[in-house]
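To start, the structure under review is shown below, and the notes come after it.
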Amino acid sequence: MADLNIRLSFVILITHINMALYSTCFWIQSGVMPYLSKRLGMDTVMFGYLQTTFAIIQLLGGPLFGRFGDLFGGRAALTLAYLSSGFTCLLMGLSTTVPLLFLSRLPSVFMHGMQAAQMVVTDLSSESERAGALGKLGLSYGVGMIVGSTTGGLLISRFGESSAAYVAAAGSVLNAIVVLKYIPAHTKPVTSTKENKPETAHSKSIFNVKEILRLLSIPTAAEILAIKTITGLPMGVFQSMFSIVAMDHFKLQAEHNGYLMAYIGVLQMMHLSRIGRSYHHTVLVETKSSLQLEDILHSVVWHYNHTKWDKFQTVSNLRLGIHDGLWAISSSRIVLNHNL
């Protein structure tokens, strides 16, 4: 029993290392995107189209990726996510025209590293420890955000956008190798219940829409998705255009922009580690929603009076740091409390 616990703890540790490295590579390529797009002659409107394309591809791939993880397990899902990330970063580094830059977003359809890590941690943690285990993944992601933003800014400033993208691609491939070596093929515990029915060939397909939509019938699942959609919209706008604003309005170089994003990562880690232990999940969701509404109002204010942006930028950064931590903790607790 002791040996089993040691092995499980080791796999969870490796998963956290994977999460930190995945986040590092993600934030390196996120730092590359605005400067590479500007070098290729894209304006703000075209950059918005690029970010929208990325969001749509991720939206379409999310349900398929989840279904893939259900069928083939956490290790296969992690490997697919990291290879997808590596291919995306590689194509980004090779992009010399705007169409190629848009094409580089296509492999990101399966770039869902956080979801894959959550699969593994959920499988390996007990029900009583699951909320805390999922929340700790946010800390590992925050570490990667700090390291990736800083490293990406330095790489872009000294070696150029393409070199930074290649480093992110290499890190993603390394992540996949670590997963194949140290994560067991099957992490989900095997249970024998009357509900375990033999699956047909159709039910084993990742394109089984019926199985994907069945999840909406789980109690509170639709509620969680609705809250995430409504509150995530303004934050998606804020995050997608933040680097462009920092680059065009404040004339920040890539290195300084990286430091700013690392600062946001520090705030995220601080609040993720403290707030989750102090408040009920309902309070966390309501607080996060109110922060999102404030972001909408601040966006309107900035649209009509952009000269006032710098007066509340620090507050916006603070809310950005709180945002992901609140959602990671609250959503995991809602799922746990309803035995999903």
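Just remember, in the structure tokens the first chain shown is A, the second B, etc., residues are 1-based per chain, and ligands are 1-based in the order shown.
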Close residues, Ala116 (chain A) itself excluded, 7 Å, only C-alpha atoms, min 4 positions apart in chain, as a PyMOL selection string: chain A and resi 74+77-78+112+120
Take the residues just selected and output them with C-alpha atoms as a compact mmCIF listing (two decimals), in the first residue's frame.
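Generated file (selection.txt):
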```txt
# COMPACT_ATOMS: atom_id res chain seq x y z
CA GLY A 74 -4.89 10.42 -19.46
CA ALA A 77 -4.52 12.80 -23.85
CA LEU A 78 -1.40 14.44 -22.38
CA HIS A 112 -5.67 21.25 -24.12
CA VAL A 120 -4.77 12.36 -14.63
```
Give me, as an mmCIF file with N, CA, C and O atoms, in the first residue's frame, all polymer residues having an atom no more than 10 Å from Ala246 (chain A), counting only C-alpha atoms and skipping those fewer than 5 positions away in the same chain.
```cif
data_model
loop_
_atom_site.group_PDB
_atom_site.id
_atom_site.type_symbol
_atom_site.label_atom_id
_atom_site.label_comp_id
_atom_site.auth_asym_id
_atom_site.auth_seq_id
_atom_site.Cartn_x
_atom_site.Cartn_y
_atom_site.Cartn_z
ATOM 1 N N PRO A 34 1.942 38.512 -30.826
ATOM 2 C CA PRO A 34 1.716 39.905 -31.232
ATOM 3 C C PRO A 34 2.892 40.520 -31.984
ATOM 4 O O PRO A 34 2.692 41.304 -32.923
ATOM 5 N N MET A 241 -6.327 40.772 -26.425
ATOM 6 C CA MET A 241 -5.877 42.063 -26.936
ATOM 7 C C MET A 241 -4.901 42.767 -26.004
ATOM 8 O O MET A 241 -4.390 43.833 -26.324
ATOM 9 N N LYS A 251 4.027 51.083 -26.007
ATOM 10 C CA LYS A 251 5.306 50.894 -26.697
ATOM 11 C C LYS A 251 6.242 49.967 -25.914
ATOM 12 O O LYS A 251 7.461 50.178 -25.878
ATOM 13 N N LEU A 252 5.682 48.931 -25.291
ATOM 14 C CA LEU A 252 6.505 47.999 -24.532
ATOM 15 C C LEU A 252 7.258 47.060 -25.473
ATOM 16 O O LEU A 252 6.682 46.518 -26.412
ATOM 17 N N GLN A 253 8.524 46.864 -25.187
ATOM 18 C CA GLN A 253 9.295 45.878 -25.910
ATOM 19 C C GLN A 253 8.925 44.481 -25.402
ATOM 20 O O GLN A 253 8.303 44.325 -24.353
ATOM 21 N N ALA A 254 9.312 43.456 -26.166
ATOM 22 C CA ALA A 254 8.926 42.092 -25.809
ATOM 23 C C ALA A 254 9.418 41.710 -24.417
ATOM 24 O O ALA A 254 8.713 41.044 -23.651
ATOM 25 N N HIS A 256 9.961 43.661 -21.769
ATOM 26 C CA HIS A 256 9.165 44.321 -20.730
ATOM 27 C C HIS A 256 7.742 43.767 -20.686
ATOM 28 O O HIS A 256 7.158 43.645 -19.601
ATOM 29 N N ASN A 257 7.199 43.435 -21.844
ATOM 30 C CA ASN A 257 5.875 42.811 -21.877
ATOM 31 C C ASN A 257 5.908 41.462 -21.159
ATOM 32 O O ASN A 257 4.956 41.092 -20.447
ATOM 33 N N LEU A 260 5.759 42.017 -17.465
ATOM 34 C CA LEU A 260 4.407 42.385 -17.033
ATOM 35 C C LEU A 260 3.522 41.143 -16.907
ATOM 36 O O LEU A 260 2.775 40.996 -15.931
#
```
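Using only C-alpha atoms, the protein and nucleic acid residues lying no more than 8 Å from region 87-96 of chain A, apart from those fewer than 5 places from it along its own chain, are Gln29, Leu40, Leu101, Leu103, Ser104, Arg105, Leu106, Pro107, Ser108, Glu161, Ser162, Ser163, Ala164, Ala165, Tyr166, Ala168 and Ala169 of chain A.
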Keeping N, CA, C and O atoms, export the residues of the selection given above as a tab-separated table (two decimals), in the first residue's frame.
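The new file result_2.tsv reads:
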```
chain	number	residue	atom	x	y	z
A	29	GLN	N	4.92	31.13	-26.61
A	29	GLN	CA	4.29	31.36	-27.91
A	29	GLN	C	3.26	32.47	-27.86
A	29	GLN	O	3.03	33.16	-28.85
A	40	LEU	N	4.81	40.79	-39.58
A	40	LEU	CA	4.24	40.33	-40.86
A	40	LEU	C	3.25	41.33	-41.44
A	40	LEU	O	2.65	41.06	-42.48
A	101	LEU	N	0.60	32.06	-40.77
A	101	LEU	CA	0.36	32.30	-39.36
A	101	LEU	C	-1.03	31.82	-38.95
A	101	LEU	O	-1.22	31.23	-37.88
A	103	LEU	N	-2.61	29.43	-40.52
A	103	LEU	CA	-2.53	27.98	-40.65
A	103	LEU	C	-1.89	27.35	-39.41
A	103	LEU	O	-2.25	26.23	-39.02
A	104	SER	N	-0.99	28.07	-38.77
A	104	SER	CA	-0.32	27.54	-37.59
A	104	SER	C	-1.26	27.33	-36.42
A	104	SER	O	-0.93	26.62	-35.47
A	105	ARG	N	-2.46	27.93	-36.47
A	105	ARG	CA	-3.43	27.77	-35.39
A	105	ARG	C	-4.19	26.43	-35.49
A	105	ARG	O	-4.77	25.98	-34.50
A	106	LEU	N	-4.19	25.80	-36.66
A	106	LEU	CA	-4.98	24.59	-36.85
A	106	LEU	C	-4.58	23.44	-35.91
A	106	LEU	O	-5.45	22.77	-35.34
A	107	PRO	N	-3.28	23.15	-35.72
A	107	PRO	CA	-2.94	22.03	-34.82
A	107	PRO	C	-3.35	22.25	-33.37
A	107	PRO	O	-3.37	21.30	-32.59
A	108	SER	N	-3.67	23.49	-33.01
A	108	SER	CA	-4.05	23.76	-31.62
A	108	SER	C	-5.43	23.22	-31.28
A	108	SER	O	-5.91	23.39	-30.15
A	161	GLU	N	11.53	36.33	-32.93
A	161	GLU	CA	10.29	35.60	-32.68
A	161	GLU	C	10.37	34.13	-33.06
A	161	GLU	O	9.88	33.25	-32.34
A	162	SER	N	10.98	33.83	-34.20
A	162	SER	CA	11.03	32.45	-34.67
A	162	SER	C	11.81	31.56	-33.71
A	162	SER	O	11.40	30.43	-33.41
A	163	SER	N	12.93	32.06	-33.20
A	163	SER	CA	13.74	31.27	-32.27
A	163	SER	C	12.96	30.96	-31.00
A	163	SER	O	13.02	29.83	-30.47
A	164	ALA	N	12.22	31.94	-30.50
A	164	ALA	CA	11.40	31.70	-29.31
A	164	ALA	C	10.34	30.64	-29.57
A	164	ALA	O	10.08	29.78	-28.71
A	165	ALA	N	9.73	30.68	-30.74
A	165	ALA	CA	8.72	29.68	-31.09
A	165	ALA	C	9.33	28.28	-31.18
A	165	ALA	O	8.73	27.29	-30.75
A	166	TYR	N	10.55	28.18	-31.71
A	166	TYR	CA	11.22	26.88	-31.80
A	166	TYR	C	11.54	26.33	-30.41
A	166	TYR	O	11.45	25.11	-30.18
A	168	ALA	N	9.79	26.89	-27.72
A	168	ALA	CA	8.50	26.40	-27.19
A	168	ALA	C	8.14	25.06	-27.81
A	168	ALA	O	7.62	24.17	-27.13
A	169	ALA	N	8.42	24.90	-29.10
A	169	ALA	CA	8.13	23.61	-29.76
A	169	ALA	C	8.98	22.49	-29.18
A	169	ALA	O	8.49	21.38	-28.92
```
Filtered DSSP result for region 19-120 of chain A, state alpha helix (DSSP H), as an MDAnalysis selection string: chainID A and resid 19:39 44:72 74:94 98:103 113:120
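Shortest atom-to-atom contact with Gly61 (chain A) among A:Val167, A:Met119, A:Ala131, A:Leu80: A:Leu80, counting only C-alpha atoms.
Of the listed residues (A:Val179, A:Gly258, A:Gly138, A:Arg75), A:Gly258 comes nearest to Phe242 (chain A); the distances count only C-alpha atoms.
Interatomic distance, CA of Met33 (chain A) to CA of Met270 (chain A): 27.0 Å.
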Atomic separation - CA of Gly265 (chain A) relative to CA of Asn175 (chain A), Å: 21.1 Å
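The space between CA of Met114 (chain A) and CA of Val245 (chain A) spans 26.8 Å.
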Spatial neighbours of Asp123 (chain A), 10 Å, only C-alpha atoms, chain gap at least 6 places, as a list in words: Gly73, Gly74, Ala117, Arg130, His186, Thr187, Lys188 and Pro189 of chain A
